[in-house]
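**Student:** Sharing entry08.cif here; it has mmCIF, C-alpha atoms.
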```
data_target
loop_
_atom_site.label_atom_id
_atom_site.label_comp_id
_atom_site.auth_asym_id
_atom_site.auth_seq_id
_atom_site.Cartn_x
_atom_site.Cartn_y
_atom_site.Cartn_z
CA MET A 165 -14.15 -8.13 -33.12
CA SER A 166 -11.16 -5.90 -33.86
CA SER A 167 -7.64 -7.02 -33.07
CA ASP A 168 -6.50 -7.16 -29.44
CA THR A 169 -9.96 -6.90 -27.88
CA VAL A 170 -11.44 -8.42 -24.75
CA PRO A 171 -14.84 -10.13 -25.10
CA PRO A 172 -17.56 -8.05 -23.37
CA ILE A 173 -18.43 -10.81 -20.88
CA ILE A 174 -14.81 -11.19 -19.77
CA ALA A 175 -14.32 -7.42 -19.67
CA ALA A 176 -17.36 -7.08 -17.38
CA HIS A 177 -15.95 -9.72 -15.00
CA ILE A 178 -12.55 -7.97 -14.92
CA ASN A 179 -14.04 -4.52 -14.29
CA TYR A 180 -16.16 -5.85 -11.44
CA LEU A 181 -13.14 -7.63 -9.96
CA LEU A 182 -10.94 -4.52 -10.03
CA ASN A 183 -13.64 -2.38 -8.43
CA HIS A 184 -15.10 -4.76 -5.84
CA PHE A 185 -12.38 -7.12 -4.66
CA PRO A 186 -11.69 -6.33 -0.97
CA LEU A 187 -7.94 -6.05 -1.65
CA PRO A 188 -6.15 -4.00 -4.33
CA VAL A 189 -5.54 -6.42 -7.21
CA LYS A 190 -4.22 -5.69 -10.68
CA ILE A 191 -3.97 -7.30 -14.10
CA GLU A 192 -0.34 -7.82 -15.05
CA HIS A 193 -0.62 -9.40 -18.49
CA MET A 194 -3.30 -10.37 -21.00
CA TRP A 195 -2.99 -12.76 -23.90
CA SER A 196 -4.98 -14.89 -26.30
CA GLY A 197 -5.48 -18.63 -26.05
CA SER A 198 -7.47 -18.98 -29.25
CA ARG A 199 -5.97 -20.55 -32.37
CA HIS A 200 -8.70 -19.14 -34.59
CA TYR A 201 -8.97 -15.62 -33.07
CA PRO A 202 -5.46 -14.71 -31.86
CA GLY A 203 -6.47 -11.07 -31.37
CA ILE A 204 -9.07 -11.94 -28.74
CA MET A 205 -7.61 -11.49 -25.23
CA ASP A 206 -9.28 -14.10 -23.08
CA ARG A 207 -6.58 -14.86 -20.48
CA PHE A 208 -4.80 -12.75 -17.92
CA THR A 209 -2.44 -12.91 -14.97
CA LEU A 210 -3.92 -11.62 -11.73
CA VAL A 211 -1.60 -10.11 -9.13
CA MET A 212 -3.08 -10.44 -5.65
CA PRO A 213 -1.67 -9.32 -2.27
CA TYR A 214 -0.83 -12.08 0.18
CA CYS A 215 1.25 -11.99 3.37
CA LEU A 216 2.72 -8.56 2.43
CA GLU A 217 3.88 -9.88 -0.93
CA PHE A 218 1.98 -11.05 -4.01
CA VAL A 219 0.75 -14.24 -5.61
CA LYS A 220 0.15 -14.50 -9.35
CA TRP A 221 -2.64 -16.66 -10.73
CA ASP A 222 -3.49 -17.13 -14.40
CA ILE A 223 -7.22 -16.76 -15.13
CA MET A 224 -7.97 -18.57 -18.38
CA TYR A 225 -11.27 -18.02 -20.15
CA ASN A 226 -12.04 -19.49 -23.55
CA ALA A 227 -13.01 -16.93 -26.19
CA GLU A 228 -14.61 -19.68 -28.26
CA SER A 229 -16.80 -20.62 -25.30
CA PRO A 230 -17.16 -17.31 -23.39
CA PHE A 231 -20.13 -18.50 -21.30
CA SER A 232 -18.04 -21.20 -19.60
CA ALA A 233 -16.29 -20.74 -16.27
CA PRO A 234 -12.55 -19.96 -16.45
CA ASP A 235 -9.72 -22.28 -15.52
CA ILE A 236 -7.34 -21.02 -12.85
CA VAL A 237 -3.65 -21.90 -12.84
CA PHE A 238 -1.72 -21.27 -9.62
CA GLY A 239 1.97 -20.44 -9.37
CA PRO A 240 4.66 -23.13 -9.73
CA GLU A 241 5.62 -22.74 -6.06
CA ASP A 242 2.06 -23.79 -5.11
CA GLU A 243 1.89 -27.09 -6.95
CA ASN A 244 0.51 -28.74 -3.80
CA PHE A 245 -2.34 -26.25 -3.46
CA HIS A 246 -5.48 -28.22 -4.43
CA PRO A 247 -8.49 -26.10 -3.45
CA PHE A 248 -10.89 -28.20 -5.53
CA SER A 249 -10.02 -31.44 -3.73
CA SER A 250 -13.08 -33.41 -2.65
CA LYS A 251 -11.54 -33.82 0.81
CA VAL A 252 -12.96 -31.45 3.40
CA ASP A 253 -10.39 -30.36 5.97
CA GLU A 254 -11.48 -29.24 9.38
CA GLY A 255 -11.79 -25.49 9.59
CA GLU A 256 -11.73 -24.92 5.84
CA GLY A 257 -15.43 -25.04 5.16
CA ASP A 258 -17.25 -26.90 2.44
CA HIS A 259 -15.07 -27.49 -0.62
CA ASN A 260 -18.24 -28.39 -2.53
CA SER A 261 -19.14 -24.70 -2.58
CA LEU A 262 -16.25 -24.16 -4.99
CA HIS A 263 -17.50 -26.96 -7.22
CA ASN A 264 -21.03 -25.55 -7.07
CA SER A 265 -19.88 -22.04 -7.97
CA LEU A 266 -18.27 -23.45 -11.11
CA ARG A 267 -21.02 -25.93 -11.92
CA ASP A 268 -23.68 -23.20 -11.62
CA TRP A 269 -21.54 -20.59 -13.33
CA ASN A 270 -23.54 -17.67 -14.69
CA SER A 271 -21.41 -15.66 -17.09
CA LYS A 272 -24.01 -12.86 -17.14
CA ASP A 273 -23.34 -12.18 -13.46
CA PRO A 274 -20.11 -10.11 -13.35
CA SER A 275 -19.67 -10.77 -9.62
CA ARG A 276 -19.12 -14.52 -10.08
CA LEU A 277 -15.39 -14.29 -10.80
CA THR A 278 -14.84 -12.00 -7.80
CA SER A 279 -16.71 -14.36 -5.46
CA LEU A 280 -14.77 -17.35 -6.79
CA LEU A 281 -11.41 -15.65 -6.28
CA GLN A 282 -12.35 -14.50 -2.78
CA GLU A 283 -13.14 -18.07 -1.82
CA LEU A 284 -9.96 -19.38 -3.44
CA ARG A 285 -7.89 -16.84 -1.54
CA ASP A 286 -9.50 -17.97 1.73
CA ARG A 287 -8.54 -21.55 0.80
CA TYR A 288 -5.00 -20.36 0.07
CA VAL A 289 -4.73 -18.75 3.53
CA SER A 290 -5.76 -22.09 5.10
CA TYR A 291 -3.35 -24.01 2.88
CA GLN A 292 -0.38 -21.89 3.93
CA ARG A 293 -1.38 -22.10 7.58
CA LYS A 294 -1.39 -25.91 7.42
CA ARG A 295 2.07 -25.84 5.82
CA VAL A 296 3.38 -23.75 8.70
CA GLU A 297 1.66 -25.93 11.30
CA GLY A 298 3.47 -28.92 9.84
CA VAL A 299 6.95 -27.46 10.40
CA ASP A 300 9.00 -29.39 12.96
CA ASP A 301 10.09 -26.38 15.02
CA GLU A 302 9.02 -26.16 18.68
CA ARG A 303 9.37 -22.41 18.87
CA LEU A 304 7.16 -21.89 15.82
CA LYS A 305 4.56 -24.27 17.22
CA PHE A 306 4.53 -22.25 20.46
CA GLU A 307 4.23 -18.92 18.62
CA LEU A 308 1.37 -20.30 16.55
CA CYS A 309 -0.52 -21.33 19.68
CA THR A 310 -0.18 -17.85 21.17
CA MET A 311 -1.04 -15.86 18.02
CA LEU A 312 -3.79 -17.79 16.27
CA SER A 313 -6.51 -16.22 18.42
CA ARG A 314 -5.80 -12.96 16.59
CA GLU A 315 -7.88 -12.41 13.47
CA GLY A 316 -6.44 -11.70 10.05
CA ILE A 317 -2.96 -13.20 10.48
CA GLU A 318 -1.47 -14.52 7.26
CA MET A 319 1.57 -16.77 7.10
CA HIS A 320 3.85 -18.28 4.51
CA LEU A 321 6.49 -20.99 4.54
CA SER A 322 9.30 -20.32 2.10
CA SER A 323 12.15 -22.62 1.24
CA GLY A 324 14.60 -23.11 -1.54
CA VAL A 325 17.83 -24.76 -2.55
CA GLU A 326 19.92 -21.63 -2.00
CA LYS A 327 18.21 -20.22 1.08
CA PRO A 328 17.14 -21.66 4.45
CA GLU A 329 13.54 -22.31 5.37
CA GLU A 330 11.76 -19.46 7.09
CA VAL A 331 8.22 -18.63 8.12
CA LYS A 332 6.78 -15.20 7.51
CA PHE A 333 3.84 -13.83 9.49
CA ALA A 334 1.83 -10.76 8.51
CA VAL A 335 0.12 -9.57 11.69
CA PRO A 336 -2.51 -6.80 11.32
CA LEU A 337 -2.17 -4.12 13.99
CA VAL A 338 -4.28 -1.28 15.41
CA ASP A 339 -7.89 -2.39 15.35
CA ILE A 340 -9.35 0.99 14.37
CA ASN A 341 -10.89 2.12 11.11
CA ILE A 342 -8.36 4.72 9.97
CA ASN A 343 -10.43 5.59 6.88
CA LYS A 344 -13.38 6.80 8.99
CA MET A 345 -11.13 9.04 11.07
CA ILE A 346 -10.36 11.30 8.09
CA PRO A 347 -13.15 13.52 6.66
CA GLY A 348 -13.37 13.25 2.89
CA CYS A 349 -11.02 10.25 2.86
CA PRO A 350 -10.44 9.16 -0.77
CA TRP A 351 -9.12 5.66 -0.01
CA ARG A 352 -11.08 2.84 -1.64
CA HIS A 353 -9.57 0.07 0.47
CA PRO A 354 -9.20 -0.08 4.27
CA GLN A 355 -5.80 1.16 5.39
CA LYS A 356 -3.84 -1.30 7.50
CA ILE A 357 -0.58 -1.47 9.41
CA PHE A 358 1.12 -4.85 9.68
CA LEU A 359 4.01 -6.27 11.59
CA GLN A 360 6.08 -8.52 9.36
CA VAL A 361 7.69 -11.27 11.44
CA LEU A 362 10.34 -13.58 9.97
CA TYR A 363 11.38 -16.72 11.84
CA PRO A 364 14.13 -19.02 10.55
CA VAL A 365 13.06 -22.65 10.83
CA VAL A 366 15.17 -24.31 13.53
CA ARG A 367 14.80 -28.06 13.88
CA LYS A 368 16.20 -28.08 17.41
CA TYR A 369 14.61 -25.99 20.14
CA ALA A 370 16.89 -23.34 21.68
CA THR A 371 16.53 -22.32 25.35
CA THR A 372 17.06 -18.66 24.42
CA PRO A 373 15.77 -18.20 20.86
CA SER A 374 17.09 -15.26 18.90
CA ALA A 375 14.78 -12.38 18.12
CA PRO A 376 12.77 -12.69 14.92
CA ARG A 377 13.30 -10.12 12.17
CA LEU A 378 10.63 -7.47 12.58
CA LYS A 379 9.43 -4.75 10.22
CA LEU A 380 6.42 -2.48 10.08
CA VAL A 381 4.60 -2.42 6.74
CA SER A 382 1.58 -0.37 5.74
CA THR A 383 -0.64 -0.04 2.72
CA SER A 384 1.03 2.41 0.35
CA GLU A 385 -1.70 5.07 0.53
CA LEU A 386 -1.23 5.44 4.29
CA LYS A 387 2.02 7.31 3.65
CA ALA A 388 -0.07 10.41 3.03
CA LEU A 389 -0.94 10.32 6.75
CA LEU A 390 1.86 8.52 8.55
CA SER A 391 5.45 7.58 7.72
CA ILE A 392 5.85 3.99 8.91
CA GLU A 393 9.60 4.14 8.25
CA ASP A 394 9.99 6.76 10.99
CA ILE A 395 8.36 4.63 13.69
CA LYS A 396 10.80 2.94 16.06
CA LEU A 397 9.86 -0.59 17.07
CA PRO A 398 9.94 -1.54 20.77
CA THR A 399 12.98 -3.54 21.84
CA TRP A 400 12.64 -7.31 21.70
CA ILE A 401 13.68 -8.77 25.07
CA ASP A 402 15.36 -12.18 25.22
CA GLY A 403 12.87 -14.93 25.86
CA MET A 404 9.92 -12.82 24.71
CA CYS A 405 7.16 -14.20 22.49
CA MET A 406 4.90 -12.35 20.07
CA ALA A 407 1.92 -12.50 22.46
CA GLU A 408 3.95 -10.38 24.89
CA TYR A 409 5.42 -8.08 22.27
CA LEU A 410 2.32 -7.13 20.29
CA PRO A 411 0.26 -5.30 23.00
CA HIS A 412 3.08 -2.81 23.67
CA LEU A 413 3.57 -2.22 19.96
CA GLU A 414 -0.15 -1.74 19.30
CA GLU A 415 -0.53 0.72 22.18
CA SER A 416 2.33 2.82 20.83
CA LEU A 417 1.04 2.65 17.25
CA GLU A 418 -2.50 3.66 18.17
CA LYS A 419 -1.20 6.79 19.88
CA GLN A 420 0.87 7.67 16.82
CA VAL A 421 -2.05 7.12 14.45
CA LEU A 422 -4.26 9.41 16.56
CA GLU A 423 -1.50 12.02 16.64
CA ALA A 424 -1.05 11.76 12.85
CA VAL A 425 -4.76 12.38 12.35
CA SER A 426 -4.69 15.38 14.68
CA LEU A 427 -1.74 16.85 12.74
CA ILE A 428 -3.96 17.19 9.66
CA ASP A 429 -5.71 20.10 11.38
CA VAL A 430 -2.34 21.60 12.35
CA ARG A 431 -1.27 21.55 8.69
CA ARG A 432 -4.65 22.96 7.66
CA GLY A 433 -4.16 25.87 10.04
CA PHE A 434 -0.80 26.62 8.43
CA ILE A 435 -2.26 26.54 4.90
CA GLU A 436 -5.07 28.87 5.96
CA ALA A 437 -2.50 31.27 7.45
CA LEU A 438 -0.84 31.62 4.03
CA ASN A 439 -3.90 33.57 2.92
CA SER A 440 -2.87 36.56 5.07
CA PHE A 441 0.32 37.09 3.06
CA PHE A 442 -0.06 35.39 -0.33
CA GLY A 443 -3.79 35.50 -0.85
CA ARG A 444 -5.85 32.38 -1.25
CA PRO A 445 -3.76 29.36 -2.42
CA LEU A 446 -4.21 28.45 -6.08
CA GLU A 447 -4.25 24.78 -5.10
CA ALA A 448 -4.23 22.90 -1.80
CA ASP A 449 -4.68 19.32 -0.64
CA PRO A 450 -8.04 19.52 1.20
CA VAL A 451 -7.89 16.07 2.84
CA PHE A 452 -4.38 15.50 4.19
CA CYS A 453 -3.15 19.11 3.81
CA ARG A 454 0.24 17.99 2.48
CA THR A 455 0.59 20.46 -0.40
CA ALA A 456 -0.32 24.03 -1.30
CA THR A 457 0.57 26.32 -4.19
CA VAL A 458 0.55 30.12 -3.89
CA ILE A 459 1.45 32.90 -6.30
CA THR A 460 3.76 35.80 -5.47
CA ALA A 461 5.67 38.51 -7.29
CA SER A 462 8.68 40.77 -7.09
CA GLY A 463 7.99 43.76 -9.28
CA VAL A 464 6.91 42.38 -12.65
CA PHE A 465 8.49 38.98 -11.94
CA THR A 466 5.70 36.56 -11.03
CA PHE A 467 6.26 33.02 -9.81
CA LEU A 468 4.53 30.14 -8.08
CA VAL A 469 5.57 28.66 -4.78
CA HIS A 470 4.82 24.96 -4.28
CA ILE A 471 4.79 24.15 -0.56
CA LEU A 472 5.35 20.48 0.34
CA ILE A 473 4.35 19.71 3.93
CA SER A 474 5.74 16.68 5.74
CA THR A 475 3.69 14.38 7.98
CA GLN A 476 6.18 15.46 10.66
CA PHE A 477 5.13 19.11 10.40
CA PRO A 478 5.67 21.32 12.35
CA LYS A 479 8.79 19.55 13.69
CA LYS A 480 10.00 19.38 10.09
CA GLN A 481 9.61 22.56 8.07
CA PRO A 482 7.90 22.52 4.67
CA SER A 483 9.99 22.24 1.50
CA LEU A 484 9.57 24.93 -1.15
CA VAL A 485 9.85 24.72 -4.93
CA LEU A 486 9.70 27.97 -6.92
CA GLN A 487 8.31 27.94 -10.46
CA SER A 488 8.55 30.84 -12.86
CA SER A 489 5.50 31.85 -14.86
CA GLN A 490 7.69 33.72 -17.36
CA HIS A 491 10.70 31.47 -18.04
CA PHE A 492 10.61 28.15 -19.91
CA ASN A 493 13.17 25.56 -20.91
CA SER A 494 13.74 24.16 -24.40
CA GLN A 495 10.91 21.65 -23.93
CA GLY A 496 8.47 24.45 -23.07
CA ALA A 497 8.25 23.50 -19.38
CA PRO A 498 8.37 26.23 -16.70
CA ILE A 499 11.76 26.60 -15.01
CA LYS A 500 11.77 25.50 -11.36
CA SER A 501 14.17 25.85 -8.47
CA GLN A 502 15.75 23.03 -6.54
CA LEU A 503 14.05 21.93 -3.32
CA ILE A 504 14.48 24.67 -0.70
CA THR A 505 14.59 23.76 2.99
CA ASP A 506 17.12 26.28 4.31
CA TYR A 507 15.11 29.24 5.57
CA PRO A 508 14.11 30.60 9.02
CA TRP A 509 11.86 28.21 10.88
CA SER A 510 10.76 27.18 14.36
CA PRO A 511 8.12 24.56 15.17
CA ARG A 512 7.12 26.72 18.14
CA TRP A 513 5.93 29.62 15.99
CA GLU A 514 2.24 30.23 15.46
CA PRO A 515 0.95 29.51 11.92
CA LEU A 516 0.76 33.22 11.08
CA GLN A 517 4.40 33.71 12.01
CA MET A 518 5.41 30.65 9.96
CA ALA A 519 3.63 32.07 6.92
CA GLU A 520 5.08 35.53 7.49
CA ARG A 521 8.66 34.22 7.70
CA ILE A 522 8.23 32.30 4.43
CA PHE A 523 6.80 35.43 2.79
CA GLU A 524 9.78 37.51 3.98
CA PHE A 525 12.25 34.86 2.86
CA LEU A 526 10.72 34.74 -0.62
CA ALA A 527 10.90 38.53 -0.93
CA ASP A 528 14.69 38.22 -0.63
CA GLU A 529 14.91 34.99 -2.62
CA ALA A 530 12.96 36.36 -5.61
CA LEU A 531 15.94 38.22 -7.12
CA SER A 532 18.18 35.15 -6.85
CA PHE A 533 15.50 32.95 -8.42
CA LYS A 534 14.92 35.43 -11.26
CA ARG A 535 18.65 35.49 -12.00
CA TYR A 536 18.70 31.66 -11.95
CA CYS A 537 15.78 31.57 -14.42
CA ASN A 538 17.45 34.04 -16.80
CA GLU A 539 20.68 32.04 -16.79
CA ALA A 540 18.86 28.73 -17.26
CA GLN A 541 16.90 30.13 -20.21
CA LEU A 542 20.05 31.43 -21.90
CA GLN A 543 21.55 27.93 -21.74
CA CYS A 544 18.54 26.34 -23.48
#
```
Can you turn what I pasted into structure tokens?
**Tutor:**
Amino acid sequence: MSSDTVPPIIAAHINYLLNHFPLPVKIEHMWSGSRHYPGIMDRFTLVMPYCLEFVKWDIMYNAESPFSAPDIVFGPEDENFHPFSSKVDEGEGDHNSLHNSLRDWNSKDPSRLTSLLQELRDRYVSYQRKRVEGVDDERLKFELCTMLSREGIEMHLSSGVEKPEEVKFAVPLVDININKMIPGCPWRHPQKIFLQVLYPVVRKYATTPSAPRLKLVSTSELKALLSIEDIKLPTWIDGMCMAEYLPHLEESLEKQVLEAVSLIDVRRGFIEALNSFFGRPLEADPVFCRTATVITASGVFTFLVHILISTQFPKKQPSLVLQSSQHFNSQGAPIKSQLITDYPWSPRWEPLQMAERIFEFLADEALSFKRYCNEAQLQC
């Protein structure tokens, strides 16, 4: 093999893992563990989502024995995580299945590593839950009793010398398949919205516990549809528990998700209206309708208009970026304007009027933009 190569068997396992694991995982680092073939990359660090953060596990194959199952090294903060223990804890299933999956390892089956890691992650979820259940905090014990009937909750107990103990919950919200609501949806993984809940560990029960720290978190791709940062959380009332809080939050979120999906068609109508004044867009986002590019001219001066459409459209007007097709900087890149948001706009206008007002604005703006391009080119 050439230097810095991955053995075909290991490469097949990695490719299957990246394409079939139910959560978005990534390879952070690869290295060689072989004394005789230092260029053969047979070990890697896997970064896996857990409880709205990440865990890192080292997957260690042996290039000199590529048909053997890999060793897995967990993070230093999880030194008490022993998924291969012969002890079977109630609710955690049969630990022998892990032993069997390694004992009967078939390196020619690329799905074996993925299946092993899925089972290990399930064990890790149970391990962290037992850590939280063991905390001597009456309020946490009560919250656990009220929330554990909900599926998919992940939790994590963190502690350290320089910071107090706290328990983090990741609570999945809105039990609807957002992916299926969007025609032509490109997302590979299911899109989720979570409520992150942080409780400080308090050894003595308080009659009026303080509100936990709450934050909405979504999968990153969901930002193309809905801006989680703009959603206001319901007020936490003194004495409330999560079982009371979550139904109100979920009801509000579901309405906002449905509205966000409906706004795709509103944005599509606006993009289609551009055709009446600019001609057919050169490019447009066909799924979420967040961007469109049209071409326009003032005399012989021709330029592109990139239209960036917010998820809050039509309440928030689109941003415009003008790009000359005739002026270039010293690196050979087309000269562009700054982001433009100051032009006539009303969310109550019909799409045709919105498009017309942008067209009229650009007719006046063209001379200023041409002058800007000429000056910018002279300075190159």
**Student:** To one decimal in Å, tell me the separation between atom CA of Gln541 of chain A and atom CA of Asn493 of chain A.
**Tutor:** 5.9 Å
**Student:** Any idea what the distance is between atom CA of Gln495 of chain A and atom CA of Tyr536 of chain A?
**Tutor:**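 Going from atom CA of Gln495 of chain A over to atom CA of Tyr536 of chain A, I get 17.4 Å.
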**Student:** Which one is closest to Leu380 of chain A: A:Met404, A:Leu277, A:Leu216, A:Val464? Count only C-alpha atoms.
**Tutor:**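 Among the listed residues, the smallest separation from Leu380 of chain A belongs to A:Leu216.
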**Student:** Go through A:Phe238, A:Pro482, A:Ser232, A:Thr457 one by one, measure the shortest atom-to-atom distance of each to Gly443 of chain A using all atoms listed in the file, and give the residue with the smallest value.
**Tutor:**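 Using all atoms listed in the file, Gly443 of chain A sits closest to A:Thr457.
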**Student:** Hey, what comes out of the PyMOL selection byres ((chain A and resi 333-340) around 7) on this file? Could you write it as a ChimeraX atom specification?
**Tutor:** /A:215-216,316-320,331-332,341-342,356-362,414,417-418
**Student:** Find the residues around Cys349 of chain A up to 9 Å (only C-alpha atoms counted), leave out those fewer than 5 positions away in its own chain, and share them as a list in words.
**Tutor:**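 So the residues in contact are Asn343, Lys344, Val451 and Phe452 of chain A.
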**Student:** Out of A:Phe523, A:Tyr507, A:Tyr225, A:Phe465, which residue has the shortest atom-to-atom distance to Leu438 of chain A when counting only C-alpha atoms?
**Tutor:**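 Of A:Phe523, A:Tyr507, A:Tyr225, A:Phe465, the one nearest Leu438 of chain A, counting only C-alpha atoms, is A:Phe523.
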**Student:** How many Å separate atom CA of Lys396 of chain A from atom CA of Ile473 of chain A?
**Tutor:**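 Between atom CA of Lys396 of chain A and atom CA of Ile473 of chain A the gap is 21.7 Å.
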**Student:** Rank nothing, just name the residue among A:Lys419, A:Arg431, A:Lys305, A:Lys534 nearest to Pro450 of chain A, using only C-alpha atoms.
**Tutor:**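 So, comparing all the options, the nearest one is A:Arg431.
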**Student:** Using the chain letters and numbers from the file, give me the residues hit by the PyMOL selection byres ((chain A and resi 279) around 12), as a PyMOL selection string.
**Tutor:** chain A and resi 177+180-181+184-186+261-262+265-266+269-270+273-278+280-286
**Student:** Could you give me, as a list of chain:residue names, the residues within 12 Å of Lys190 of chain A, counting all atoms listed in the file and dropping anything in the same chain fewer than 4 positions from it?
**Tutor:**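 Here the qualifying residues turn out to be A:Ile178, A:Asn179, A:Tyr180, A:Leu181, A:Leu182, A:Asn183, A:His184, A:Phe185, A:Met194, A:Phe208, A:Thr209, A:Leu210, A:Val211, A:Met212, A:Pro213, A:Phe218, A:Val219, A:Lys220, A:Trp221.
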**Student:** What's the 10 Å shell around segment 242-246 of chain A, counting all atoms listed in the file, without same-chain residues fewer than 2 positions away, as a CSV table (one decimal) with C-alpha atoms, keeping the file's coordinate frame?
**Tutor:**
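Result written to around.csv:
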```csv
chain,number,residue,atom,x,y,z
A,219,VAL,CA,0.8,-14.2,-5.6
A,237,VAL,CA,-3.6,-21.9,-12.8
A,238,PHE,CA,-1.7,-21.3,-9.6
A,239,GLY,CA,2.0,-20.4,-9.4
A,240,PRO,CA,4.7,-23.1,-9.7
A,248,PHE,CA,-10.9,-28.2,-5.5
A,249,SER,CA,-10.0,-31.4,-3.7
A,250,SER,CA,-13.1,-33.4,-2.6
A,251,LYS,CA,-11.5,-33.8,0.8
A,284,LEU,CA,-10.0,-19.4,-3.4
A,287,ARG,CA,-8.5,-21.6,0.8
A,288,TYR,CA,-5.0,-20.4,0.1
A,291,TYR,CA,-3.4,-24.0,2.9
A,292,GLN,CA,-0.4,-21.9,3.9
```
**Student:** List the residues selected by the PyMOL selection byres ((chain A and resi 469) around 6) in the file shown, writing them as a PyMOL selection string.
**Tutor:** chain A and resi 457-458+468+470+485-486
**Student:** Using all atoms listed in the file, find the one residue out of A:Leu472, A:Leu389, A:Ile504, A:Ile236 that sits nearest to Val421 of chain A.
**Tutor:**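 The shortest atom-to-atom distance to Val421 of chain A comes from A:Leu389.
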**Student:** Residues at most 10 Å from Pro511 of chain A, counting only C-alpha atoms, excluding those fewer than 5 positions away in the same chain, as a CSV table (one decimal) with C-alpha atoms, keeping the file's coordinate frame?
**Tutor:**
```csv
chain,number,residue,atom,x,y,z
A,477,PHE,CA,5.1,19.1,10.4
A,478,PRO,CA,5.7,21.3,12.4
A,479,LYS,CA,8.8,19.6,13.7
A,480,LYS,CA,10.0,19.4,10.1
A,481,GLN,CA,9.6,22.6,8.1
A,518,MET,CA,5.4,30.6,10.0
```
**Student:** Between A:Leu526, A:Met311, A:Ile191, A:Cys405, which one has atoms that come closest to Ala375 of chain A, using only C-alpha atoms?
**Tutor:**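 Smallest distance to Ala375 of chain A is found for A:Cys405.
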**Student:** Reconstruct N, CA and C atoms of segment 185-199 of chain A; output as a compact mmCIF listing (two decimals), keeping the file's coordinate frame.
**Tutor:**
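File written: part05.txt
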```
# COMPACT_ATOMS: atom_id res chain seq x y z
N PHE A 185 -13.15 -6.19 -5.48
CA PHE A 185 -12.38 -7.12 -4.66
C PHE A 185 -11.93 -6.39 -3.39
N PRO A 186 -12.00 -7.03 -2.22
CA PRO A 186 -11.69 -6.33 -0.97
C PRO A 186 -10.23 -5.92 -0.81
N LEU A 187 -9.35 -6.43 -1.67
CA LEU A 187 -7.94 -6.05 -1.65
C LEU A 187 -7.58 -5.45 -3.00
N PRO A 188 -6.55 -4.59 -3.04
CA PRO A 188 -6.15 -4.00 -4.33
C PRO A 188 -5.46 -5.03 -5.21
N VAL A 189 -6.12 -5.46 -6.27
CA VAL A 189 -5.54 -6.42 -7.21
C VAL A 189 -5.31 -5.70 -8.54
N LYS A 190 -4.46 -6.30 -9.37
CA LYS A 190 -4.22 -5.69 -10.68
C LYS A 190 -4.00 -6.78 -11.72
N ILE A 191 -4.21 -6.41 -12.97
CA ILE A 191 -3.97 -7.30 -14.10
C ILE A 191 -2.58 -7.01 -14.63
N GLU A 192 -1.72 -8.04 -14.62
CA GLU A 192 -0.34 -7.82 -15.05
C GLU A 192 -0.16 -8.05 -16.55
N HIS A 193 -0.89 -9.00 -17.09
CA HIS A 193 -0.62 -9.40 -18.49
C HIS A 193 -1.87 -10.04 -19.06
N MET A 194 -2.17 -9.73 -20.31
CA MET A 194 -3.30 -10.37 -21.00
C MET A 194 -2.80 -10.98 -22.30
N TRP A 195 -3.38 -12.13 -22.64
CA TRP A 195 -2.99 -12.76 -23.90
C TRP A 195 -4.15 -13.59 -24.44
N SER A 196 -3.94 -14.12 -25.63
CA SER A 196 -4.98 -14.89 -26.30
C SER A 196 -4.64 -16.38 -26.26
N GLY A 197 -5.66 -17.19 -26.03
CA GLY A 197 -5.48 -18.63 -26.05
C GLY A 197 -6.17 -19.28 -27.23
N SER A 198 -6.69 -18.47 -28.13
CA SER A 198 -7.47 -18.98 -29.25
C SER A 198 -6.61 -19.15 -30.50
N ARG A 199 -6.69 -20.30 -31.11
CA ARG A 199 -5.97 -20.55 -32.37
C ARG A 199 -6.64 -19.82 -33.52
```
